[in-house]
$ cat final.cif   # mmCIF, C-alpha atoms
data_query
#
loop_
_atom_site.group_PDB
_atom_site.id
_atom_site.type_symbol
_atom_site.label_atom_id
_atom_site.label_comp_id
_atom_site.auth_asym_id
_atom_site.auth_seq_id
_atom_site.Cartn_x
_atom_site.Cartn_y
_atom_site.Cartn_z
ATOM 1 C CA SER A 24 80.331 120.857 65.834
ATOM 2 C CA LEU A 25 79.360 122.278 69.215
ATOM 3 C CA LEU A 26 77.661 120.931 72.345
ATOM 4 C CA THR A 27 76.983 123.544 75.049
ATOM 5 C CA ASN A 28 75.310 122.675 78.333
ATOM 6 C CA SER A 29 74.574 125.317 80.964
ATOM 7 C CA SER A 30 74.590 122.584 83.640
ATOM 8 C CA ASP A 31 76.659 119.413 84.151
ATOM 9 C CA PHE A 32 77.545 116.824 81.529
ATOM 10 C CA TYR A 33 77.703 113.071 82.177
ATOM 11 C CA VAL A 34 79.344 110.287 80.193
ATOM 12 C CA GLY A 35 77.763 107.323 81.925
ATOM 13 C CA PHE A 36 75.257 108.092 84.689
ATOM 14 C CA ALA A 37 74.871 104.824 86.616
ATOM 15 C CA GLY A 38 75.572 103.012 83.342
ATOM 16 C CA ASN A 39 78.325 101.070 81.639
ATOM 17 C CA SER A 40 80.394 101.360 78.456
ATOM 18 C CA ASN A 41 79.133 104.779 77.364
ATOM 19 C CA GLN A 42 81.342 106.909 75.140
ATOM 20 C CA LEU A 43 81.918 110.544 74.188
ATOM 21 C CA THR A 44 84.027 111.116 71.054
ATOM 22 C CA VAL A 45 85.183 114.615 70.106
ATOM 23 C CA LEU A 46 87.116 114.675 66.844
ATOM 24 C CA ASP A 47 88.593 117.184 64.413
ATOM 25 C CA GLY A 48 87.385 120.452 65.876
ATOM 26 C CA GLY A 49 84.397 119.418 67.992
ATOM 27 C CA THR A 50 83.722 121.454 71.134
ATOM 28 C CA VAL A 51 82.011 120.520 74.407
ATOM 29 C CA ALA A 52 81.278 123.145 77.081
ATOM 30 C CA ASP A 53 79.554 122.587 80.437
ATOM 31 C CA ALA A 54 79.603 123.389 84.165
ATOM 32 C CA SER A 55 81.211 120.188 85.512
ATOM 33 C CA GLY A 56 82.029 117.063 83.532
ATOM 34 C CA TYR A 57 81.640 113.498 84.803
ATOM 35 C CA ILE A 58 82.995 110.311 83.225
ATOM 36 C CA GLY A 59 81.442 107.436 85.143
ATOM 37 C CA ASP A 60 79.025 108.685 87.793
ATOM 38 C CA GLY A 61 76.976 106.464 90.093
ATOM 39 C CA LEU A 62 77.801 103.226 91.872
ATOM 40 C CA GLY A 63 78.222 100.391 89.418
ATOM 41 C CA SER A 64 79.033 102.742 86.552
ATOM 42 C CA THR A 65 82.019 101.166 84.795
ATOM 43 C CA ALA A 66 84.097 101.372 81.615
ATOM 44 C CA ASN A 67 82.905 104.764 80.374
ATOM 45 C CA LEU A 68 85.131 106.681 77.968
ATOM 46 C CA ALA A 69 85.692 110.241 76.774
ATOM 47 C CA TRP A 70 88.074 110.510 73.824
ATOM 48 C CA LEU A 71 89.249 113.771 72.273
ATOM 49 C CA SER A 72 91.500 113.930 69.231
ATOM 50 C CA GLY A 73 92.539 116.718 66.889
ATOM 51 C CA ALA A 74 94.032 120.182 67.188
ATOM 52 C CA ARG A 75 90.718 122.046 67.448
ATOM 53 C CA SER A 76 88.935 119.536 69.666
ATOM 54 C CA VAL A 77 88.184 121.117 73.054
ATOM 55 C CA TRP A 78 86.303 120.180 76.228
ATOM 56 C CA THR A 79 85.812 123.182 78.532
ATOM 57 C CA ASN A 80 84.513 122.620 82.056
ATOM 58 C CA ARG A 81 83.738 125.885 83.807
ATOM 59 C CA LEU A 82 83.999 124.028 87.112
ATOM 60 C CA ASP A 83 85.476 120.558 87.716
ATOM 61 C CA LEU A 84 86.151 117.396 85.727
ATOM 62 C CA TYR A 85 85.807 113.890 87.188
ATOM 63 C CA ALA A 86 87.257 110.755 85.611
ATOM 64 C CA GLY A 87 85.496 108.281 87.865
ATOM 65 C CA HIS A 88 83.182 110.164 90.241
ATOM 66 C CA TYR A 89 81.613 107.103 91.815
ATOM 67 C CA GLY A 90 82.321 104.829 88.864
ATOM 68 C CA ALA A 91 85.271 102.561 88.132
ATOM 69 C CA ARG A 92 87.462 101.904 85.090
ATOM 70 C CA SER A 93 86.538 105.191 83.422
ATOM 71 C CA GLN A 94 88.913 106.686 80.878
ATOM 72 C CA LEU A 95 89.729 110.113 79.482
ATOM 73 C CA VAL A 96 92.024 110.159 76.449
ATOM 74 C CA VAL A 97 93.318 113.491 75.120
ATOM 75 C CA SER A 98 95.336 113.021 71.938
ATOM 76 C CA ASN A 99 96.647 114.627 68.768
ATOM 77 C CA ALA A 100 96.685 118.198 70.142
ATOM 78 C CA ALA A 101 93.196 118.138 71.708
ATOM 79 C CA LYS A 102 92.637 120.235 74.833
ATOM 80 C CA VAL A 103 90.692 119.912 78.082
ATOM 81 C CA PHE A 104 90.124 122.708 80.612
ATOM 82 C CA SER A 105 88.786 122.559 84.177
ATOM 83 C CA GLN A 106 89.111 124.292 87.539
ATOM 84 C CA ASN A 107 89.869 121.108 89.486
ATOM 85 C CA GLY A 108 90.493 117.646 88.098
ATOM 86 C CA TYR A 109 89.709 114.384 89.904
ATOM 87 C CA ILE A 110 90.782 110.894 88.870
ATOM 88 C CA GLY A 111 89.017 108.495 91.249
ATOM 89 C CA TYR A 112 86.881 110.768 93.424
ATOM 90 C CA ASP A 113 85.042 108.269 95.663
ATOM 91 C CA SER A 114 86.415 105.215 97.466
ATOM 92 C CA TYR A 115 84.434 103.102 94.957
ATOM 93 C CA SER A 116 86.179 104.887 92.079
ATOM 94 C CA LEU A 117 88.899 102.377 91.280
ATOM 95 C CA SER A 118 91.208 101.882 88.300
ATOM 96 C CA ASN A 119 90.292 105.010 86.363
ATOM 97 C CA LEU A 120 92.749 106.269 83.750
ATOM 98 C CA VAL A 121 93.555 109.628 82.159
ATOM 99 C CA ARG A 122 95.983 109.534 79.250
ATOM 100 C CA VAL A 123 97.224 112.802 77.711
ATOM 101 C CA THR A 124 99.414 112.118 74.708
ATOM 102 C CA ASP A 125 100.975 113.726 71.619
ATOM 103 C CA ALA A 126 102.436 117.162 70.981
ATOM 104 C CA GLY A 127 99.988 119.999 71.555
ATOM 105 C CA SER A 128 97.649 117.935 73.749
ATOM 106 C CA LEU A 129 96.761 119.658 77.004
ATOM 107 C CA TRP A 130 94.840 119.147 80.230
ATOM 108 C CA SER A 131 94.883 122.462 82.066
ATOM 109 C CA ASN A 132 93.542 122.726 85.620
ATOM 110 C CA GLN A 133 93.139 126.242 86.930
ATOM 111 C CA LEU A 134 93.423 125.023 90.543
ATOM 112 C CA SER A 135 94.272 121.474 91.690
ATOM 113 C CA LEU A 136 94.542 117.998 90.196
ATOM 114 C CA TYR A 137 93.877 114.911 92.347
ATOM 115 C CA VAL A 138 95.058 111.487 91.193
ATOM 116 C CA GLY A 139 93.174 109.333 93.667
ATOM 117 C CA TYR A 140 91.058 111.619 95.860
ATOM 118 C CA ASN A 141 89.412 108.770 97.765
ATOM 119 C CA GLY A 142 89.759 105.962 95.215
ATOM 120 C CA GLY A 143 92.664 103.592 94.607
ATOM 121 C CA ALA A 144 94.615 102.263 91.626
ATOM 122 C CA ASN A 145 93.914 105.313 89.460
ATOM 123 C CA GLN A 146 96.381 106.510 86.828
ATOM 124 C CA LEU A 147 97.545 109.622 85.027
ATOM 125 C CA VAL A 148 99.852 109.087 82.037
ATOM 126 C CA VAL A 149 101.455 112.038 80.227
ATOM 127 C CA SER A 150 103.363 111.015 77.118
ATOM 128 C CA ASN A 151 104.814 111.979 73.750
ATOM 129 C CA ALA A 152 105.263 115.742 74.328
ATOM 130 C CA ALA A 153 101.796 116.339 75.851
ATOM 131 C CA LEU A 154 101.292 118.774 78.748
ATOM 132 C CA VAL A 155 99.324 118.572 81.998
ATOM 133 C CA ALA A 156 99.185 121.746 84.113
ATOM 134 C CA ALA A 157 97.800 122.652 87.544
ATOM 135 C CA GLN A 158 98.553 124.866 90.534
ATOM 136 C CA ASN A 159 98.742 121.804 92.787
ATOM 137 C CA LEU A 160 98.830 118.052 92.246
ATOM 138 C CA TYR A 161 97.998 115.494 94.937
ATOM 139 C CA LEU A 162 98.724 111.790 94.494
ATOM 140 C CA GLY A 163 96.686 109.665 96.904
ATOM 141 C CA TYR A 164 94.942 112.507 98.724
ATOM 142 C CA ASN A 165 92.942 110.695 101.429
ATOM 143 C CA ALA A 166 93.614 107.504 103.393
ATOM 144 C CA THR A 167 91.567 105.235 101.097
ATOM 145 C CA ALA A 168 93.383 106.510 97.996
ATOM 146 C CA THR A 169 96.151 103.911 97.729
ATOM 147 C CA ASN A 170 98.248 102.549 94.843
ATOM 148 C CA ASN A 171 97.602 105.475 92.499
ATOM 149 C CA THR A 172 100.214 106.350 89.880
ATOM 150 C CA VAL A 173 101.399 109.265 87.772
ATOM 151 C CA THR A 174 103.694 108.326 84.890
ATOM 152 C CA LEU A 175 105.674 110.690 82.664
ATOM 153 C CA ALA A 176 106.754 109.097 79.385
ATOM 154 C CA GLY A 177 108.034 111.954 77.281
ATOM 155 C CA GLY A 178 105.415 114.486 78.397
ATOM 156 C CA THR A 179 105.501 117.529 80.662
ATOM 157 C CA LEU A 180 103.880 118.048 84.057
ATOM 158 C CA ARG A 181 103.849 121.710 85.096
ATOM 159 C CA VAL A 182 102.698 122.534 88.654
ATOM 160 C CA THR A 183 103.416 126.173 89.413
ATOM 161 C CA ASN A 184 101.725 129.105 91.134
ATOM 162 C CA TYR A 185 104.013 132.064 91.790
ATOM 163 C CA ASN A 186 106.541 129.808 93.590
ATOM 164 C CA ASN A 187 103.795 128.132 95.673
ATOM 165 C CA GLY A 188 102.555 125.346 93.398
ATOM 166 C CA ALA A 189 102.993 121.938 95.029
ATOM 167 C CA ILE A 190 103.173 118.289 94.081
ATOM 168 C CA GLU A 191 102.412 116.068 97.093
ATOM 169 C CA VAL A 192 103.062 112.359 96.615
ATOM 170 C CA ARG A 193 101.153 110.984 99.606
ATOM 171 C CA ARG A 194 100.094 107.471 98.567
ATOM 172 C CA GLY A 195 101.211 105.842 95.338
ATOM 173 C CA THR A 196 104.061 106.305 92.889
ATOM 174 C CA LEU A 197 105.131 109.172 90.667
ATOM 175 C CA ALA A 198 107.410 107.809 87.940
ATOM 176 C CA LEU A 199 109.377 110.164 85.686
ATOM 177 C CA ASN A 200 110.651 107.872 82.956
ATOM 178 C CA SER A 201 111.293 110.601 80.379
ATOM 179 C CA GLY A 202 110.102 114.146 79.860
ATOM 180 C CA LEU A 203 109.910 117.051 82.304
ATOM 181 C CA ILE A 204 108.372 117.917 85.658
ATOM 182 C CA VAL A 205 108.398 121.613 86.586
ATOM 183 C CA VAL A 206 107.192 122.374 90.109
ATOM 184 C CA ASP A 207 107.632 124.981 92.822
ATOM 185 C CA LYS A 208 107.402 122.676 95.864
ATOM 186 C CA PHE A 209 107.922 118.925 95.551
ATOM 187 C CA ARG A 210 107.006 116.720 98.523
ATOM 188 C CA VAL A 211 107.210 112.938 98.709
ATOM 189 C CA GLY A 212 106.227 110.629 101.542
ATOM 190 C CA ASP A 213 104.657 112.926 104.110
ATOM 191 C CA MET A 214 102.408 109.955 104.928
ATOM 192 C CA GLY A 215 105.388 107.581 105.108
ATOM 193 C CA PRO A 216 106.693 104.970 102.653
ATOM 194 C CA ALA A 217 103.344 104.739 100.828
ATOM 195 C CA GLY A 218 104.475 107.741 98.753
ATOM 196 C CA LYS A 219 107.229 106.991 96.259
ATOM 197 C CA PHE A 220 109.075 108.846 93.506
ATOM 198 C CA ALA A 221 111.118 107.210 90.754
ATOM 199 C CA LEU A 222 113.408 109.541 88.798
ATOM 200 C CA ASN A 223 114.175 106.951 86.137
ATOM 201 C CA GLY A 224 114.856 109.442 83.334
ATOM 202 C CA GLY A 225 114.026 112.929 82.137
ATOM 203 C CA THR A 226 114.290 116.110 84.212
ATOM 204 C CA LEU A 227 112.812 117.189 87.534
ATOM 205 C CA ARG A 228 113.037 120.971 88.006
ATOM 206 C CA ALA A 229 111.988 122.133 91.479
ATOM 207 C CA LEU A 230 112.499 125.137 93.727
ATOM 208 C CA ILE A 231 112.133 123.052 96.896
ATOM 209 C CA ALA A 232 112.112 119.266 97.224
ATOM 210 C CA THR A 233 111.403 117.319 100.424
ATOM 211 C CA VAL A 234 111.470 113.510 100.652
ATOM 212 C CA ASN A 235 110.140 112.034 103.911
ATOM 213 C CA ASN A 236 109.428 108.421 102.991
ATOM 214 C CA GLY A 237 112.622 106.999 104.466
ATOM 215 C CA LEU A 238 113.827 105.772 101.084
ATOM 216 C CA ALA A 239 116.931 106.723 99.127
ATOM 217 C CA PHE A 240 116.595 109.445 96.481
ATOM 218 C CA ILE A 241 118.118 107.998 93.316
ATOM 219 C CA ILE A 242 118.718 109.925 90.091
ATOM 220 C CA GLY A 243 118.574 107.543 87.119
ATOM 221 C CA ASP A 244 117.632 103.889 86.770
ATOM 222 C CA GLY A 245 120.999 102.680 85.493
ATOM 223 C CA THR A 246 119.845 102.760 81.871
ATOM 224 C CA ASN A 247 118.320 106.148 81.096
ATOM 225 C CA ALA A 248 119.782 109.610 81.716
ATOM 226 C CA ALA A 249 118.024 111.573 84.466
ATOM 227 C CA ARG A 250 118.504 115.086 85.824
ATOM 228 C CA TYR A 251 117.436 116.973 88.941
ATOM 229 C CA GLU A 252 117.621 120.756 88.599
ATOM 230 C CA MET A 253 117.472 122.888 91.741
ATOM 231 C CA ALA A 254 115.793 125.946 90.241
ATOM 232 C CA LEU A 255 115.896 129.525 91.482
ATOM 233 C CA PRO A 256 112.675 131.357 92.535
ATOM 234 C CA GLY A 257 110.902 132.714 89.501
ATOM 235 C CA SER A 258 112.691 130.361 87.099
ATOM 236 C CA THR A 259 110.008 127.675 86.971
#
$ encode --input "final.cif" --output "structure tokens"
Amino acid sequence: SLLTNSSDFYVGFAGNSNQLTVLDGGTVADASGYIGDGLGSTANLAWLSGARSVWTNRLDLYAGHYGARSQLVVSNAAKVFSQNGYIGYDSYSLSNLVRVTDAGSLWSNQLSLYVGYNGGANQLVVSNAALVAAQNLYLGYNATATNNTVTLAGGTLRVTNYNNGAIEVRRGTLALNSGLIVVDKFRVGDMGPAGKFALNGGTLRALIATVNNGLAFIIGDGTNAARYEMALPGST
């Protein structure tokens, strides 16, 4: 099945508990995609599952534009494409969640991914061999974007751009529990101790890493094996 829209596509426009389900080879194509738009828009959901299920946004994708508690779930080898991705765009966009899980599942951003652009308590979870890719990733971009989290639980986060792709952990916590982070430039805590990184397990592979939050850099949580690889240019 196919849904093509030459303009934007909304899952919940100033409304609550709306749902988009794309299963077993369904395809959605649009300009920009919005899950939860408009003040008071809460608990909207987009769920993709299956190897041929695809959502292509020619421009940007928003999980919580002005809405709160929106969710995007990409599972069982489904794929989502966008230029920029935003989880919690506005300061009212609180507690939105994107979960990318299972082998073959992908969220690919041609440019940047923002986990908490202006909103707080937003989450990105990458698990079970899934992949999230972007040229840059910002956690807690602006001053109101506090307590956002990125969690790796057996998935891969790839942030590269000809040795210039950057992860900036400004406000919130990036937790690598298991899996892999591949990045050109890794920066934590440029805004002070509000930015935190926990290398609990898995592998961080970075060309350059800078930690400015005043906290100790600890490899491993005492239980799981963790690894930090100082990569050579071109190897990421």
$ atom_distance --input "final.cif" --atom1 "atom CA of Val234 of chain A" --atom2 "atom CA of Thr246 of chain A"
23.2 Å
$ closest_residue --input "final.cif" --among "A:Ser135, A:Ser98, A:Ser30, A:Asn236" --to "Asn151 of chain A" --atoms "all atoms listed in the file"
A:Ser98
$ resolve_selection --input "final.cif" --expression "the PyMOL selection byres ((chain A and resi 202-208) around 8)" --output "ChimeraX atom specification"
/A:150,152,175-184,186-190,199-201,209-210,224-232,259
$ write_last_selection --input "final.cif" --atoms "C-alpha atoms" --output "mmCIF file, keeping the file's coordinate frame"
data_model
loop_
_atom_site.group_PDB
_atom_site.id
_atom_site.type_symbol
_atom_site.label_atom_id
_atom_site.label_comp_id
_atom_site.auth_asym_id
_atom_site.auth_seq_id
_atom_site.Cartn_x
_atom_site.Cartn_y
_atom_site.Cartn_z
ATOM 1 C CA SER A 150 103.363 111.015 77.118
ATOM 2 C CA ALA A 152 105.263 115.742 74.328
ATOM 3 C CA LEU A 175 105.674 110.690 82.664
ATOM 4 C CA ALA A 176 106.754 109.097 79.385
ATOM 5 C CA GLY A 177 108.034 111.954 77.281
ATOM 6 C CA GLY A 178 105.415 114.486 78.397
ATOM 7 C CA THR A 179 105.501 117.529 80.662
ATOM 8 C CA LEU A 180 103.880 118.048 84.057
ATOM 9 C CA ARG A 181 103.849 121.710 85.096
ATOM 10 C CA VAL A 182 102.698 122.534 88.654
ATOM 11 C CA THR A 183 103.416 126.173 89.413
ATOM 12 C CA ASN A 184 101.725 129.105 91.134
ATOM 13 C CA ASN A 186 106.541 129.808 93.590
ATOM 14 C CA ASN A 187 103.795 128.132 95.673
ATOM 15 C CA GLY A 188 102.555 125.346 93.398
ATOM 16 C CA ALA A 189 102.993 121.938 95.029
ATOM 17 C CA ILE A 190 103.173 118.289 94.081
ATOM 18 C CA LEU A 199 109.377 110.164 85.686
ATOM 19 C CA ASN A 200 110.651 107.872 82.956
ATOM 20 C CA SER A 201 111.293 110.601 80.379
ATOM 21 C CA PHE A 209 107.922 118.925 95.551
ATOM 22 C CA ARG A 210 107.006 116.720 98.523
ATOM 23 C CA GLY A 224 114.856 109.442 83.334
ATOM 24 C CA GLY A 225 114.026 112.929 82.137
ATOM 25 C CA THR A 226 114.290 116.110 84.212
ATOM 26 C CA LEU A 227 112.812 117.189 87.534
ATOM 27 C CA ARG A 228 113.037 120.971 88.006
ATOM 28 C CA ALA A 229 111.988 122.133 91.479
ATOM 29 C CA LEU A 230 112.499 125.137 93.727
ATOM 30 C CA ILE A 231 112.133 123.052 96.896
ATOM 31 C CA ALA A 232 112.112 119.266 97.224
ATOM 32 C CA THR A 259 110.008 127.675 86.971
#
$ closest_atom_pairs --input "final.cif" --of "segment 125-193 of chain A" --to "segment 108-119 of chain A" --cutoff "12 Å" --atoms "only C-alpha atoms" --output "JSON lines"
{"residue": "A:Trp130", "atom": "CA", "partner": "A:Gly108", "partner_atom": "CA", "distance": 9.1}
{"residue": "A:Ser131", "atom": "CA", "partner": "A:Gly108", "partner_atom": "CA", "distance": 8.9}
{"residue": "A:Asn132", "atom": "CA", "partner": "A:Gly108", "partner_atom": "CA", "distance": 6.4}
{"residue": "A:Gln133", "atom": "CA", "partner": "A:Gly108", "partner_atom": "CA", "distance": 9.1}
{"residue": "A:Leu134", "atom": "CA", "partner": "A:Gly108", "partner_atom": "CA", "distance": 8.3}
{"residue": "A:Ser135", "atom": "CA", "partner": "A:Gly108", "partner_atom": "CA", "distance": 6.5}
{"residue": "A:Leu136", "atom": "CA", "partner": "A:Gly108", "partner_atom": "CA", "distance": 4.6}
{"residue": "A:Tyr137", "atom": "CA", "partner": "A:Tyr109", "partner_atom": "CA", "distance": 4.9}
{"residue": "A:Val138", "atom": "CA", "partner": "A:Ile110", "partner_atom": "CA", "distance": 4.9}
{"residue": "A:Gly139", "atom": "CA", "partner": "A:Gly111", "partner_atom": "CA", "distance": 4.9}
{"residue": "A:Tyr140", "atom": "CA", "partner": "A:Tyr112", "partner_atom": "CA", "distance": 4.9}
{"residue": "A:Asn141", "atom": "CA", "partner": "A:Ser114", "partner_atom": "CA", "distance": 4.7}
{"residue": "A:Gly142", "atom": "CA", "partner": "A:Ser114", "partner_atom": "CA", "distance": 4.1}
{"residue": "A:Gly143", "atom": "CA", "partner": "A:Leu117", "partner_atom": "CA", "distance": 5.2}
{"residue": "A:Ala144", "atom": "CA", "partner": "A:Ser118", "partner_atom": "CA", "distance": 4.8}
{"residue": "A:Asn145", "atom": "CA", "partner": "A:Ser118", "partner_atom": "CA", "distance": 4.5}
{"residue": "A:Gln146", "atom": "CA", "partner": "A:Asn119", "partner_atom": "CA", "distance": 6.3}
{"residue": "A:Leu147", "atom": "CA", "partner": "A:Ile110", "partner_atom": "CA", "distance": 7.9}
{"residue": "A:Val148", "atom": "CA", "partner": "A:Asn119", "partner_atom": "CA", "distance": 11.3}
{"residue": "A:Val155", "atom": "CA", "partner": "A:Gly108", "partner_atom": "CA", "distance": 10.8}
{"residue": "A:Ala156", "atom": "CA", "partner": "A:Gly108", "partner_atom": "CA", "distance": 10.4}
{"residue": "A:Ala157", "atom": "CA", "partner": "A:Gly108", "partner_atom": "CA", "distance": 8.9}
{"residue": "A:Gln158", "atom": "CA", "partner": "A:Gly108", "partner_atom": "CA", "distance": 11.1}
{"residue": "A:Asn159", "atom": "CA", "partner": "A:Gly108", "partner_atom": "CA", "distance": 10.4}
{"residue": "A:Leu160", "atom": "CA", "partner": "A:Gly108", "partner_atom": "CA", "distance": 9.3}
{"residue": "A:Tyr161", "atom": "CA", "partner": "A:Tyr109", "partner_atom": "CA", "distance": 9.8}
{"residue": "A:Leu162", "atom": "CA", "partner": "A:Ile110", "partner_atom": "CA", "distance": 9.8}
{"residue": "A:Gly163", "atom": "CA", "partner": "A:Gly111", "partner_atom": "CA", "distance": 9.6}
{"residue": "A:Tyr164", "atom": "CA", "partner": "A:Tyr112", "partner_atom": "CA", "distance": 9.8}
{"residue": "A:Asn165", "atom": "CA", "partner": "A:Ser114", "partner_atom": "CA", "distance": 9.4}
{"residue": "A:Ala166", "atom": "CA", "partner": "A:Ser114", "partner_atom": "CA", "distance": 9.6}
{"residue": "A:Thr167", "atom": "CA", "partner": "A:Ser114", "partner_atom": "CA", "distance": 6.3}
{"residue": "A:Ala168", "atom": "CA", "partner": "A:Ser114", "partner_atom": "CA", "distance": 7.1}
{"residue": "A:Thr169", "atom": "CA", "partner": "A:Leu117", "partner_atom": "CA", "distance": 9.8}
{"residue": "A:Asn170", "atom": "CA", "partner": "A:Ser118", "partner_atom": "CA", "distance": 9.6}
{"residue": "A:Asn171", "atom": "CA", "partner": "A:Ser118", "partner_atom": "CA", "distance": 8.5}
{"residue": "A:Thr172", "atom": "CA", "partner": "A:Ser118", "partner_atom": "CA", "distance": 10.2}
{"residue": "A:Val173", "atom": "CA", "partner": "A:Ile110", "partner_atom": "CA", "distance": 10.8}
$ residues_near_point --input "final.cif" --point "(95.4, 110.5, 75.7)" --cutoff "9 Å" --atoms "only C-alpha atoms" --output "number ranges by chain"
A: 70-72, 95-99, 101, 121-125, 128, 148-150, 153
$ atom_distance --input "final.cif" --atom1 "atom CA of Ala86 of chain A" --atom2 "atom CA of Asp47 of chain A"
22.2 Å
$ atom_distance --input "final.cif" --atom1 "atom CA of Ala66 of chain A" --atom2 "atom CA of Gly87 of chain A"
9.4 Å
$ resolve_selection --input "final.cif" --expression "the PyMOL selection byres ((chain A and resi 61) around 7)" --output "PDB file with C-alpha atoms, keeping the file's coordinate frame"
ATOM      1  CA  PHE A  36      75.257 108.092  84.689  1.00  0.00           C
ATOM      2  CA  ALA A  37      74.871 104.824  86.616  1.00  0.00           C
ATOM      3  CA  GLY A  59      81.442 107.436  85.143  1.00  0.00           C
ATOM      4  CA  ASP A  60      79.025 108.685  87.793  1.00  0.00           C
ATOM      5  CA  LEU A  62      77.801 103.226  91.872  1.00  0.00           C
ATOM      6  CA  GLY A  63      78.222 100.391  89.418  1.00  0.00           C
ATOM      7  CA  SER A  64      79.033 102.742  86.552  1.00  0.00           C
ATOM      8  CA  TYR A  89      81.613 107.103  91.815  1.00  0.00           C
ATOM      9  CA  GLY A  90      82.321 104.829  88.864  1.00  0.00           C
TER      10      GLY A  90
END
$ resolve_selection --input "final.cif" --expression "the PyMOL selection byres ((chain A and resi 68) around 6)" --output "ChimeraX atom specification"
/A:42,67,69,93-95
$ residues_around --input "final.cif" --residues "Val51 of chain A" --least-positions-apart "6" --cutoff "6 Å" --atoms "all atoms listed in the file" --output "list in words"
Leu26, Thr27 and Trp78 of chain A
$ residues_around --input "final.cif" --residues "Ala52 of chain A" --least-positions-apart "3" --cutoff "12 Å" --atoms "all atoms listed in the file" --output "PDB file with C-alpha atoms, in the coordinates of the input"
ATOM      1  CA  SER A  24      80.331 120.857  65.834  1.00  0.00           C
ATOM      2  CA  LEU A  25      79.360 122.278  69.215  1.00  0.00           C
ATOM      3  CA  LEU A  26      77.661 120.931  72.345  1.00  0.00           C
ATOM      4  CA  THR A  27      76.983 123.544  75.049  1.00  0.00           C
ATOM      5  CA  ASN A  28      75.310 122.675  78.333  1.00  0.00           C
ATOM      6  CA  SER A  29      74.574 125.317  80.964  1.00  0.00           C
ATOM      7  CA  SER A  30      74.590 122.584  83.640  1.00  0.00           C
ATOM      8  CA  ASP A  31      76.659 119.413  84.151  1.00  0.00           C
ATOM      9  CA  PHE A  32      77.545 116.824  81.529  1.00  0.00           C
ATOM     10  CA  TYR A  33      77.703 113.071  82.177  1.00  0.00           C
ATOM     11  CA  VAL A  45      85.183 114.615  70.106  1.00  0.00           C
ATOM     12  CA  GLY A  49      84.397 119.418  67.992  1.00  0.00           C
ATOM     13  CA  SER A  55      81.211 120.188  85.512  1.00  0.00           C
ATOM     14  CA  GLY A  56      82.029 117.063  83.532  1.00  0.00           C
ATOM     15  CA  SER A  76      88.935 119.536  69.666  1.00  0.00           C
ATOM     16  CA  VAL A  77      88.184 121.117  73.054  1.00  0.00           C
ATOM     17  CA  TRP A  78      86.303 120.180  76.228  1.00  0.00           C
ATOM     18  CA  THR A  79      85.812 123.182  78.532  1.00  0.00           C
ATOM     19  CA  ASN A  80      84.513 122.620  82.056  1.00  0.00           C
ATOM     20  CA  ARG A  81      83.738 125.885  83.807  1.00  0.00           C
ATOM     21  CA  LEU A  82      83.999 124.028  87.112  1.00  0.00           C
ATOM     22  CA  ASP A  83      85.476 120.558  87.716  1.00  0.00           C
ATOM     23  CA  LEU A  84      86.151 117.396  85.727  1.00  0.00           C
ATOM     24  CA  LYS A 102      92.637 120.235  74.833  1.00  0.00           C
ATOM     25  CA  VAL A 103      90.692 119.912  78.082  1.00  0.00           C
ATOM     26  CA  PHE A 104      90.124 122.708  80.612  1.00  0.00           C
ATOM     27  CA  SER A 105      88.786 122.559  84.177  1.00  0.00           C
TER      28      SER A 105
END
$ residues_around --input "final.cif" --residues "Leu238 of chain A" --least-positions-apart "5" --cutoff "10 Å" --atoms "only C-alpha atoms" --output "list in words"
Gly212, Gly215, Pro216, Gly218, Lys219 and Phe220 of chain A
